[in-house]
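Text of run.cif (mmCIF, C-alpha atoms (C1' of nucleotides) and all ligand atoms) as supplied:
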data_data
#
loop_
_atom_site.label_atom_id
_atom_site.label_comp_id
_atom_site.auth_asym_id
_atom_site.auth_seq_id
_atom_site.Cartn_x
_atom_site.Cartn_y
_atom_site.Cartn_z
CA MET M 114 -14.74 29.16 27.39
CA GLU M 115 -14.87 25.43 27.16
CA ILE M 116 -12.77 25.10 24.05
CA ALA M 117 -9.95 27.25 25.40
CA CYS M 118 -9.99 25.18 28.56
CA PHE M 119 -9.74 21.95 26.62
CA ILE M 120 -6.90 23.30 24.51
CA GLU M 121 -5.03 24.26 27.63
CA ALA M 122 -5.43 20.75 29.03
CA ALA M 123 -4.39 19.30 25.69
CA ASP M 124 -1.29 21.43 25.76
CA ARG M 125 -0.28 20.16 29.17
CA HIS M 126 -1.07 16.63 28.08
CA CYS M 127 1.23 16.93 25.06
CA GLN M 128 4.04 18.42 27.09
CA GLN M 129 3.81 15.51 29.49
CA GLN M 130 3.98 13.11 26.55
CA GLY M 131 6.96 14.94 25.13
CA VAL M 132 5.19 15.79 21.88
CA LYS M 133 4.44 19.18 20.40
CA LEU M 134 0.99 20.66 19.95
CA THR M 135 1.99 23.01 17.16
CA ALA M 136 -0.05 25.93 15.89
CA LEU M 137 -1.45 23.90 13.03
CA ARG M 138 -2.35 20.96 15.23
CA ARG M 139 -3.95 23.26 17.73
CA GLN M 140 -5.95 24.92 14.96
CA VAL M 141 -7.21 21.56 13.73
CA LEU M 142 -8.09 20.54 17.26
CA GLU M 143 -10.04 23.75 17.71
CA LEU M 144 -11.92 23.09 14.50
CA VAL M 145 -12.86 19.61 15.63
CA LEU M 146 -13.91 20.98 19.00
CA GLY M 147 -16.20 23.36 17.16
CA TYR M 148 -18.42 20.45 16.17
CA PRO M 149 -20.75 18.77 18.64
CA GLY M 150 -19.97 15.26 17.42
CA VAL M 151 -18.30 13.38 14.63
CA VAL M 152 -16.35 15.41 12.09
CA LYS M 153 -14.95 14.27 8.79
CA ALA M 154 -11.47 15.06 7.60
CA TYR M 155 -12.72 16.96 4.59
CA GLN M 156 -15.01 19.11 6.71
CA VAL M 157 -12.00 20.09 8.77
CA LEU M 158 -10.10 20.68 5.56
CA ALA M 159 -12.81 22.99 4.27
CA ASP M 160 -12.80 24.91 7.55
CA LEU M 161 -9.06 25.17 7.44
CA GLN M 162 -9.22 26.52 3.92
CA LYS M 163 -11.65 29.21 5.06
CA GLN M 164 -9.26 30.23 7.79
CA ARG M 165 -5.95 30.15 5.96
CA GLY M 166 -6.96 30.36 2.30
CA ILE M 167 -5.27 27.19 1.25
CA ALA M 168 -4.71 23.73 2.60
CA ALA M 169 -4.33 20.27 1.15
CA PRO M 170 -5.54 16.90 2.41
CA PRO M 171 -2.20 15.74 3.86
CA THR M 172 -2.10 18.81 6.07
CA VAL M 173 -5.33 17.81 7.75
CA TYR M 174 -4.72 14.09 7.82
CA ARG M 175 -1.32 14.52 9.42
CA ALA M 176 -2.72 16.75 12.12
CA LEU M 177 -5.62 14.38 12.76
CA ASP M 178 -3.28 11.39 12.94
CA PHE M 179 -1.15 13.22 15.45
CA LEU M 180 -4.12 14.14 17.59
CA VAL M 181 -5.40 10.57 17.57
CA ALA M 182 -1.96 9.24 18.50
CA ALA M 183 -1.80 11.78 21.31
CA GLY M 184 -5.12 10.53 22.65
CA LEU M 185 -6.91 13.83 22.08
CA LEU M 186 -9.19 12.49 19.36
CA HIS M 187 -10.68 9.13 18.51
CA LYS M 188 -11.20 7.87 15.01
CA VAL M 189 -14.65 6.49 14.28
CA ASP M 190 -14.00 3.94 11.59
CA ALA M 191 -17.62 3.13 10.91
CA LEU M 192 -18.26 6.75 9.93
CA ASN M 193 -14.88 7.76 8.55
CA GLY M 194 -14.80 10.49 11.14
CA TYR M 195 -13.20 11.83 14.28
CA ILE M 196 -14.42 12.80 17.72
CA VAL M 197 -12.87 14.65 20.62
CA CYS M 198 -11.89 12.52 23.61
CA HIS M 199 -13.41 14.06 26.71
CA HIS M 200 -11.48 11.80 29.03
CA VAL M 201 -7.97 12.92 28.29
CA GLY M 202 -5.75 11.84 31.11
CA CYS M 203 -8.36 9.58 32.73
CA ASN M 204 -6.44 6.63 31.44
CA HIS M 205 -9.54 4.49 31.29
CA GLU M 206 -10.81 2.55 28.33
CA GLY M 207 -13.74 4.25 26.68
CA LEU M 208 -17.08 2.97 25.51
CA ILE M 209 -17.82 5.40 22.74
CA LEU M 210 -21.37 5.67 21.47
CA VAL M 211 -21.90 7.52 18.24
CA CYS M 212 -25.31 8.46 16.86
CA GLY M 213 -25.29 7.50 13.21
CA ASP M 214 -27.98 10.09 12.49
CA CYS M 215 -26.85 13.31 14.15
CA GLY M 216 -23.26 12.49 15.05
CA ARG M 217 -23.80 13.10 18.75
CA VAL M 218 -21.26 11.28 20.86
CA GLU M 219 -21.23 9.90 24.37
CA GLU M 220 -18.25 8.31 26.05
CA LEU M 221 -18.72 5.91 28.95
CA ASP M 222 -16.44 3.68 30.97
CA ALA M 223 -15.79 0.44 29.13
CA THR M 224 -14.12 -1.36 31.99
CA PRO M 225 -17.00 -3.66 32.98
CA VAL M 226 -17.76 -4.80 29.48
CA LEU M 227 -14.11 -5.18 28.60
CA ASP M 228 -13.75 -7.52 31.54
CA VAL M 229 -16.35 -9.75 29.95
CA LEU M 230 -14.69 -9.40 26.56
CA ARG M 231 -11.24 -10.24 27.87
CA GLN M 232 -12.54 -13.37 29.46
CA GLN M 233 -14.34 -14.50 26.34
CA ALA M 234 -11.42 -13.69 24.06
CA GLY M 235 -9.01 -15.32 26.49
CA GLY M 236 -10.92 -18.55 26.07
CA ALA M 237 -10.13 -18.38 22.36
CA GLY M 238 -6.46 -17.69 23.00
CA PHE M 239 -6.67 -13.99 22.26
CA ALA M 240 -5.18 -11.34 24.52
CA ILE M 241 -7.05 -8.10 23.98
CA SER M 242 -4.97 -4.96 24.18
CA GLN M 243 -5.85 -1.65 25.81
CA GLN M 244 -8.38 0.06 23.58
CA ASN M 245 -11.67 1.80 23.18
CA LEU M 246 -14.92 0.27 22.10
CA MET M 247 -16.74 2.17 19.44
CA LEU M 248 -20.37 1.52 18.74
CA THR M 249 -22.85 3.20 16.49
CA GLY M 250 -26.50 3.55 17.23
CA ARG M 251 -29.19 6.12 17.66
CA CYS M 252 -29.37 8.68 20.39
CA LYS M 253 -32.35 9.75 22.49
CA GLU M 254 -33.09 12.77 20.32
CA CYS M 255 -32.96 10.81 17.07
CA ALA M 256 -35.01 7.87 18.35
CA VAL M 257 -37.69 6.84 15.88
CA MET C 272 -13.89 -29.42 -0.21
CA GLU C 273 -14.53 -26.84 2.44
CA ILE C 274 -15.58 -24.06 0.13
CA ALA C 275 -18.13 -26.15 -1.72
CA CYS C 276 -19.54 -27.22 1.61
CA PHE C 277 -19.86 -23.63 2.80
CA ILE C 278 -21.54 -22.60 -0.43
CA GLU C 279 -24.04 -25.37 -0.04
CA ALA C 280 -24.85 -24.23 3.49
CA ALA C 281 -25.08 -20.65 2.26
CA ASP C 282 -27.52 -21.74 -0.40
CA ARG C 283 -29.79 -23.40 2.11
CA HIS C 284 -29.47 -20.39 4.38
CA CYS C 285 -30.60 -18.04 1.61
CA GLN C 286 -33.52 -20.24 0.65
CA GLN C 287 -34.66 -20.23 4.24
CA GLN C 288 -34.44 -16.45 4.29
CA GLY C 289 -36.39 -16.20 1.06
CA VAL C 290 -33.55 -14.47 -0.77
CA LYS C 291 -31.65 -15.60 -3.83
CA LEU C 292 -28.02 -16.58 -3.91
CA THR C 293 -27.62 -15.86 -7.60
CA ALA C 294 -24.71 -16.97 -9.76
CA LEU C 295 -22.97 -13.64 -9.35
CA ARG C 296 -23.42 -13.54 -5.60
CA ARG C 297 -22.22 -17.10 -5.31
CA GLN C 298 -19.17 -16.27 -7.41
CA VAL C 299 -18.32 -13.32 -5.17
CA LEU C 300 -18.80 -15.44 -2.08
CA GLU C 301 -16.45 -18.07 -3.52
CA LEU C 302 -13.85 -15.40 -4.18
CA VAL C 303 -14.03 -14.13 -0.62
CA LEU C 304 -13.82 -17.69 0.67
CA GLY C 305 -10.61 -18.08 -1.29
CA TYR C 306 -8.85 -15.71 1.07
CA PRO C 307 -7.75 -16.74 4.55
CA GLY C 308 -8.72 -13.48 6.25
CA VAL C 309 -9.88 -9.98 5.45
CA VAL C 310 -10.59 -9.17 1.80
CA LYS C 311 -11.15 -5.81 0.22
CA ALA C 312 -13.84 -4.99 -2.30
CA TYR C 313 -11.37 -4.06 -4.99
CA GLN C 314 -9.46 -7.30 -4.56
CA VAL C 315 -12.68 -9.15 -5.20
CA LEU C 316 -13.36 -6.86 -8.13
CA ALA C 317 -9.96 -7.66 -9.64
CA ASP C 318 -10.57 -11.37 -9.20
CA LEU C 319 -13.97 -11.04 -10.77
CA GLN C 320 -12.47 -9.23 -13.73
CA LYS C 321 -10.02 -12.08 -14.23
CA GLN C 322 -12.88 -14.56 -14.27
CA ARG C 323 -15.40 -12.73 -16.40
CA GLY C 324 -13.33 -10.22 -18.30
CA ILE C 325 -15.23 -7.17 -17.14
CA ALA C 326 -16.87 -5.92 -14.01
CA ALA C 327 -17.46 -2.53 -12.39
CA PRO C 328 -17.41 -1.52 -8.73
CA PRO C 329 -21.18 -1.50 -8.23
CA THR C 330 -21.33 -5.12 -9.29
CA VAL C 331 -19.04 -6.14 -6.47
CA TYR C 332 -20.41 -3.76 -3.86
CA ARG C 333 -23.95 -4.89 -4.49
CA ALA C 334 -23.00 -8.51 -4.13
CA LEU C 335 -21.00 -7.82 -0.98
CA ASP C 336 -23.84 -5.77 0.50
CA PHE C 337 -26.19 -8.61 -0.19
CA LEU C 338 -23.90 -11.17 1.40
CA VAL C 339 -23.46 -8.99 4.48
CA ALA C 340 -27.21 -8.46 4.76
CA ALA C 341 -27.71 -12.20 4.39
CA GLY C 342 -25.31 -12.79 7.25
CA LEU C 343 -22.77 -14.65 5.15
CA LEU C 344 -20.08 -11.99 5.43
CA HIS C 345 -19.17 -9.33 7.96
CA LYS C 346 -17.83 -5.94 7.12
CA VAL C 347 -14.69 -4.90 9.00
CA ASP C 348 -14.91 -1.12 9.05
CA ALA C 349 -11.48 -0.51 10.49
CA LEU C 350 -9.90 -2.26 7.54
CA ASN C 351 -12.40 -1.44 4.80
CA GLY C 352 -12.73 -5.13 4.30
CA TYR C 353 -14.92 -8.19 4.56
CA ILE C 354 -14.61 -11.55 6.24
CA VAL C 355 -16.60 -14.73 5.91
CA CYS C 356 -18.95 -15.45 8.75
CA HIS C 357 -18.30 -18.92 10.01
CA HIS C 358 -21.39 -18.87 12.15
CA VAL C 359 -23.99 -18.75 9.41
CA GLY C 360 -27.41 -19.50 10.73
CA CYS C 361 -26.47 -18.45 14.24
CA ASN C 362 -27.96 -15.08 13.42
CA HIS C 363 -25.50 -13.50 15.78
CA GLU C 364 -23.47 -10.36 15.88
CA GLY C 365 -19.76 -10.97 15.54
CA LEU C 366 -16.98 -10.41 18.01
CA ILE C 367 -14.08 -10.15 15.60
CA LEU C 368 -10.60 -10.45 17.00
CA VAL C 369 -7.72 -9.34 14.82
CA CYS C 370 -4.17 -10.19 15.78
CA GLY C 371 -2.11 -7.04 15.52
CA ASP C 372 0.99 -9.11 14.83
CA CYS C 373 0.05 -11.68 12.23
CA GLY C 374 -3.34 -10.47 10.98
CA ARG C 375 -5.08 -13.68 11.91
CA VAL C 376 -8.81 -13.25 12.45
CA GLU C 377 -11.05 -15.09 14.85
CA GLU C 378 -14.78 -14.65 15.19
CA LEU C 379 -16.79 -15.29 18.29
CA ASP C 380 -20.39 -14.64 19.20
CA ALA C 381 -20.82 -11.10 20.44
CA THR C 382 -24.39 -11.55 21.59
CA PRO C 383 -23.70 -11.90 25.33
CA VAL C 384 -21.39 -8.93 25.52
CA LEU C 385 -23.66 -6.82 23.35
CA ASP C 386 -26.47 -7.55 25.75
CA VAL C 387 -24.39 -5.97 28.47
CA LEU C 388 -23.46 -3.11 26.19
CA ARG C 389 -27.04 -2.46 25.15
CA GLN C 390 -28.05 -2.22 28.74
CA GLN C 391 -25.27 0.18 29.65
CA ALA C 392 -25.85 2.28 26.55
CA GLY C 393 -29.57 2.23 27.10
CA GLY C 394 -28.99 3.88 30.44
CA ALA C 395 -27.37 6.76 28.56
CA GLY C 396 -30.26 6.98 26.10
CA PHE C 397 -28.52 5.21 23.25
CA ALA C 398 -30.01 2.45 21.14
CA ILE C 399 -27.17 0.39 19.76
CA SER C 400 -27.71 -0.89 16.26
CA GLN C 401 -26.96 -4.33 14.91
CA GLN C 402 -23.25 -4.52 14.41
CA ASN C 403 -20.02 -6.33 14.93
CA LEU C 404 -17.37 -5.59 17.49
CA MET C 405 -13.86 -5.48 16.23
CA LEU C 406 -10.99 -5.70 18.63
CA THR C 407 -7.28 -5.93 18.22
CA GLY C 408 -5.01 -8.02 20.35
CA ARG C 409 -2.55 -10.83 20.14
CA CYS C 410 -3.34 -14.39 19.19
CA LYS C 411 -2.15 -17.61 20.77
CA GLU C 412 0.62 -18.13 18.22
CA CYS C 413 1.95 -14.62 18.62
CA ALA C 414 1.76 -14.61 22.41
CA VAL C 415 4.91 -13.28 24.00
"C1'" DT J 167 -47.89 -18.84 -24.42
"C1'" DT J 168 -47.11 -14.08 -24.03
"C1'" DC J 169 -47.25 -10.19 -21.09
"C1'" DT J 170 -45.88 -7.70 -17.18
"C1'" DC J 171 -43.49 -6.38 -13.33
"C1'" DA J 172 -39.97 -6.46 -10.00
"C1'" DA J 173 -35.52 -7.83 -8.92
"C1'" DA J 174 -30.93 -8.22 -10.50
"C1'" DT J 175 -27.19 -6.83 -13.22
"C1'" DG J 176 -24.66 -3.77 -16.50
"C1'" DT J 177 -22.74 0.69 -17.48
"C1'" DT J 178 -21.10 5.36 -17.05
"C1'" DA J 179 -19.67 8.77 -14.47
"C1'" DC J 180 -18.66 10.69 -10.34
"C1'" DT J 181 -17.83 11.65 -5.19
"C1'" DT J 182 -15.49 10.83 -1.07
"C1'" DT J 183 -11.59 9.29 1.49
"C1'" DA J 184 -6.74 8.75 1.96
"C1'" DT J 185 -1.73 8.45 0.84
"C1'" DA J 186 2.88 8.66 -1.71
"C1'" DA J 187 6.67 11.34 -2.79
"C1'" DC J 188 9.41 15.09 -2.69
"C1'" DA J 189 10.34 20.12 -1.58
"C1'" DA J 190 10.64 23.70 1.64
"C1'" DG J 191 10.63 25.64 6.26
"C1'" DC J 192 11.95 25.96 10.96
"C1'" DA J 193 13.79 25.33 15.45
"C1'" DA J 194 17.49 23.23 18.50
"C1'" DC J 195 21.96 22.03 19.11
"C1'" DT J 196 27.27 22.10 17.59
"C1'" DA G 202 26.86 29.46 10.21
"C1'" DG G 203 26.10 24.38 9.62
"C1'" DT G 204 23.78 20.17 10.60
"C1'" DT G 205 19.98 17.49 11.97
"C1'" DG G 206 15.33 16.04 12.59
"C1'" DC G 207 10.72 17.19 12.76
"C1'" DT G 208 6.99 19.74 10.65
"C1'" DT G 209 4.54 21.63 6.91
"C1'" DG G 210 3.67 22.65 1.85
"C1'" DT G 211 2.65 20.90 -2.71
"C1'" DT G 212 1.50 17.98 -6.43
"C1'" DA G 213 -0.31 14.10 -7.95
"C1'" DT G 214 -2.62 9.90 -7.53
"C1'" DA G 215 -4.57 5.83 -5.27
"C1'" DA G 216 -8.35 3.59 -2.93
"C1'" DA G 217 -13.08 3.23 -1.54
"C1'" DG G 218 -17.80 3.90 -2.42
"C1'" DT G 219 -22.17 5.60 -4.77
"C1'" DA G 220 -25.75 7.90 -7.97
"C1'" DA G 221 -28.36 7.39 -11.88
"C1'" DC G 222 -30.07 5.24 -15.59
"C1'" DA G 223 -30.12 1.25 -19.08
"C1'" DT G 224 -30.69 -3.54 -19.78
"C1'" DT G 225 -31.56 -8.20 -18.67
"C1'" DT G 226 -33.95 -11.90 -16.57
"C1'" DG G 227 -37.13 -14.80 -14.52
"C1'" DA G 228 -41.44 -15.84 -12.03
"C1'" DG G 229 -46.20 -15.24 -11.95
"C1'" DA G 230 -50.58 -13.31 -14.26
"C1'" DA G 231 -53.45 -13.09 -18.16
ZN ZN M 501 -11.71 9.03 24.98
ZN ZN M 502 -28.72 11.48 17.25
ZN ZN M 503 -20.53 -14.18 12.02
ZN ZN M 504 -1.01 -13.56 15.65
#
As structure tokens, what does this structure read like?
Amino acid sequence: MEIACFIEAADRHCQQQGVKLTALRRQVLELVLGYPGVVKAYQVLADLQKQRGIAAPPTVYRALDFLVAAGLLHKVDALNGYIVCHHVGCNHEGLILVCGDCGRVEELDATPVLDVLRQQAGGAGFAISQQNLMLTGRCKECAV
Amino acid sequence: MEIACFIEAADRHCQQQGVKLTALRRQVLELVLGYPGVVKAYQVLADLQKQRGIAAPPTVYRALDFLVAAGLLHKVDALNGYIVCHHVGCNHEGLILVCGDCGRVEELDATPVLDVLRQQAGGAGFAISQQNLMLTGRCKECAV
DNA sequence: TTCTCAAATGTTACTTTATAACAAGCAACT
DNA sequence: AGTTGCTTGTTATAAAGTAACATTTGAGAA
């Protein structure tokens, strides 16, 4: 199963980083993996409540924060949501496209465009750090 | 004064667009202009309450939405905030650079890089919507 | 002028999103 | 066992954003 496989990889990834993928964090990661695209914190919270009977917002937010810091999820600010990173360990910068309609997500390589950006920003005296580019739009299926 | 000058330009800009920069909208724009960088809706709301005694969230959000739609402000999703667009009339999308150290904000024209992005995303079946790019980095003054 | 209509603003109430602060649990080492 | 530091539980509240309906206002039509 794809999810189990991802979890396994995530586990290794965390061990390498010297951080712990605890049962709770794993459970939250599994819940996020259960969605095809962007998930909101309170959706995860609701799911968690179904599975364990009770859970409060900080429980979910802490787990999500951890997973983002560990590079297993990305936060999508424009949608107040989270997506799974399918390039764990690639160590490249991502170009993340999120469909604002259906939440479908695609992650491409941002290297070429970040080269352009670094040059432009450099001209203004700004040094751009390592990061992902997140863009919203509309996917093939949701096209008007 | 710089603010008065900007307001004047904003006024002309709105007339050209066939939309109205009403007293309220102008007042909100002035309040945002009073800040050096990113401003939050509830800061503006508090300021507005000081000036007119009473105001509710929708009053501020509607004005801010208008100003964003008119191209006078940009929304900064990652910070739940707004910044003044210093390229009014350019009709561009913003490349917003935020210094992770000092919070300074710089805005460039994102059109060229978004052209590249649209092409790359188009290849993956994604239509990228009108938006700003926000990137973090380090500004000239904070350079190591 | 007076009417009418649409846009703008006011008002109330609420939803969604996120965090602070402190208590309790748990695992690893001494 | 005792200590320490990280993790999780719990309560309460803050911050951000919107729905729905009432009221005002101002420009054009009658
Ligand atoms: Zn990724
Ligand atoms: Zn879609
Ligand atoms: Zn701009
Ligand atoms: Zn700086």
Q) Which RMSD value, in Å, describes how well chain C fits onto chain M when all C-alpha atoms are paired in order and fitted by least squares? A)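 Here the C-alpha RMSD works out to 1.8 Å.
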Per residue of chain M within 9 Å of ligand ZN 502 (chain M), note the shortest atom pair and the distance in Å to one decimal, counting all atoms listed in the file, and order the rows by chain and increasing residue number, as JSON lines.
{"residue": "M:Val211", "atom": "CA", "partner": "M:ZN502", "partner_atom": "ZN", "distance": 7.9}
{"residue": "M:Cys212", "atom": "CA", "partner": "M:ZN502", "partner_atom": "ZN", "distance": 4.6}
{"residue": "M:Gly213", "atom": "CA", "partner": "M:ZN502", "partner_atom": "ZN", "distance": 6.6}
{"residue": "M:Asp214", "atom": "CA", "partner": "M:ZN502", "partner_atom": "ZN", "distance": 5.0}
{"residue": "M:Cys215", "atom": "CA", "partner": "M:ZN502", "partner_atom": "ZN", "distance": 4.1}
{"residue": "M:Gly216", "atom": "CA", "partner": "M:ZN502", "partner_atom": "ZN", "distance": 6.0}
{"residue": "M:Arg217", "atom": "CA", "partner": "M:ZN502", "partner_atom": "ZN", "distance": 5.4}
{"residue": "M:Val218", "atom": "CA", "partner": "M:ZN502", "partner_atom": "ZN", "distance": 8.3}
{"residue": "M:Gly250", "atom": "CA", "partner": "M:ZN502", "partner_atom": "ZN", "distance": 8.2}
{"residue": "M:Arg251", "atom": "CA", "partner": "M:ZN502", "partner_atom": "ZN", "distance": 5.4}
{"residue": "M:Cys252", "atom": "CA", "partner": "M:ZN502", "partner_atom": "ZN", "distance": 4.3}
{"residue": "M:Lys253", "atom": "CA", "partner": "M:ZN502", "partner_atom": "ZN", "distance": 6.6}
{"residue": "M:Glu254", "atom": "CA", "partner": "M:ZN502", "partner_atom": "ZN", "distance": 5.5}
{"residue": "M:Cys255", "atom": "CA", "partner": "M:ZN502", "partner_atom": "ZN", "distance": 4.3}
{"residue": "M:Ala256", "atom": "CA", "partner": "M:ZN502", "partner_atom": "ZN", "distance": 7.3}
Go ahead and write the residues just picked, C-alpha atoms, as a compact mmCIF listing (two decimals), keeping the file's coordinate frame.
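What follows is the written file out-v4.txt:
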# COMPACT_ATOMS: atom_id res chain seq x y z
CA VAL M 211 -21.90 7.52 18.24
CA CYS M 212 -25.31 8.46 16.86
CA GLY M 213 -25.29 7.50 13.21
CA ASP M 214 -27.98 10.09 12.49
CA CYS M 215 -26.85 13.31 14.15
CA GLY M 216 -23.26 12.49 15.05
CA ARG M 217 -23.80 13.10 18.75
CA VAL M 218 -21.26 11.28 20.86
CA GLY M 250 -26.50 3.55 17.23
CA ARG M 251 -29.19 6.12 17.66
CA CYS M 252 -29.37 8.68 20.39
CA LYS M 253 -32.35 9.75 22.49
CA GLU M 254 -33.09 12.77 20.32
CA CYS M 255 -32.96 10.81 17.07
CA ALA M 256 -35.01 7.87 18.35
What would the list of residues within 8 Å of (-9.3, -15.9, 22.2) (file frame) look like as an mmCIF file with C-alpha atoms, in the frame of the given file, if only C-alpha atoms (C1' of nucleotides) are what count?
data_model
loop_
_atom_site.group_PDB
_atom_site.id
_atom_site.type_symbol
_atom_site.label_atom_id
_atom_site.label_comp_id
_atom_site.auth_asym_id
_atom_site.auth_seq_id
_atom_site.Cartn_x
_atom_site.Cartn_y
_atom_site.Cartn_z
ATOM 1 C CA GLN M 233 -14.340 -14.500 26.340
ATOM 2 C CA ALA M 234 -11.420 -13.690 24.060
ATOM 3 C CA GLY M 235 -9.010 -15.320 26.490
ATOM 4 C CA GLY M 236 -10.920 -18.550 26.070
ATOM 5 C CA ALA M 237 -10.130 -18.380 22.360
ATOM 6 C CA GLY M 238 -6.460 -17.690 23.000
ATOM 7 C CA PHE M 239 -6.670 -13.990 22.260
ATOM 8 C CA ALA M 240 -5.180 -11.340 24.520
ATOM 9 C CA LEU C 368 -10.600 -10.450 17.000
ATOM 10 C CA GLU C 377 -11.050 -15.090 14.850
ATOM 11 C CA CYS C 410 -3.340 -14.390 19.190
ATOM 12 C CA LYS C 411 -2.150 -17.610 20.770
#
Q: List the neighbours of Gln401 (chain C) out to 10 Å using all atoms listed in the file; skip same-chain residues closer than 4 positions along the sequence, and give me the result as a PyMOL selection string.
A: (chain M and resi 248-250) or (chain C and resi 363-365+385)
For the residues selected in the previous step, produce a file with C-alpha atoms as a PDB file, keeping the file's coordinate frame.
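Produced file out-v9.pdb, reproduced below:
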ATOM      1  CA  LEU M 248     -20.370   1.520  18.740  1.00  0.00           C
ATOM      2  CA  THR M 249     -22.850   3.200  16.490  1.00  0.00           C
ATOM      3  CA  GLY M 250     -26.500   3.550  17.230  1.00  0.00           C
TER       4      GLY M 250
ATOM      5  CA  HIS C 363     -25.500 -13.500  15.780  1.00  0.00           C
ATOM      6  CA  GLU C 364     -23.470 -10.360  15.880  1.00  0.00           C
ATOM      7  CA  GLY C 365     -19.760 -10.970  15.540  1.00  0.00           C
ATOM      8  CA  LEU C 385     -23.660  -6.820  23.350  1.00  0.00           C
TER       9      LEU C 385
END
Q: Would you list the contacts of Leu144 (chain M) as a list in words, taking every protein, DNA or RNA residue within 9 Å and counting all atoms listed in the file, but skipping same-chain residues closer than 4 positions in sequence?
A: Arg139, Gln140, Tyr148, Val157, Asp160 and Leu161 of chain M
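Interatomic distance, C1' of DT181 (chain J) against CA of Asp178 (chain M): 23.2 Å.
Of the listed residues C:Val299, C:Leu350, C:Leu343, C:Ala275, the one whose atoms come nearest to chain G is C:Leu350, with distances taken using all atoms listed in the file.
A straight line drawn from CA of Phe337 (chain C) to CA of Gln314 (chain C) is 17.3 Å long.
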(Q) Please find the residues contacting ligand ZN 501 (chain M) at a distance of at most 10 Å between atoms, with all atoms listed in the file counted, and report them as a ChimeraX atom specification. (A) /M:181,184-187,196-209,219-222,244-246
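Comparing the minimum interatomic distances between chain J and each of M:Leu134, M:Val173, M:Ala123, M:Val151, counting only C-alpha atoms (C1' of nucleotides), we find that M:Val173 sits nearest.
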Using all atoms listed in the file, select each residue of chain M with any atom at most 9 Å away from an atom of chain J, and give the selection as a PDB file with C-alpha atoms, in the coordinates of the input.
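Saved the output as result28.pdb:
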ATOM      1  CA  ALA M 154     -11.470  15.060   7.600  1.00  0.00           C
ATOM      2  CA  TYR M 155     -12.720  16.960   4.590  1.00  0.00           C
ATOM      3  CA  PRO M 170      -5.540  16.900   2.410  1.00  0.00           C
ATOM      4  CA  PRO M 171      -2.200  15.740   3.860  1.00  0.00           C
ATOM      5  CA  TYR M 174      -4.720  14.090   7.820  1.00  0.00           C
ATOM      6  CA  ASN M 193     -14.880   7.760   8.550  1.00  0.00           C
TER       7      ASN M 193
END
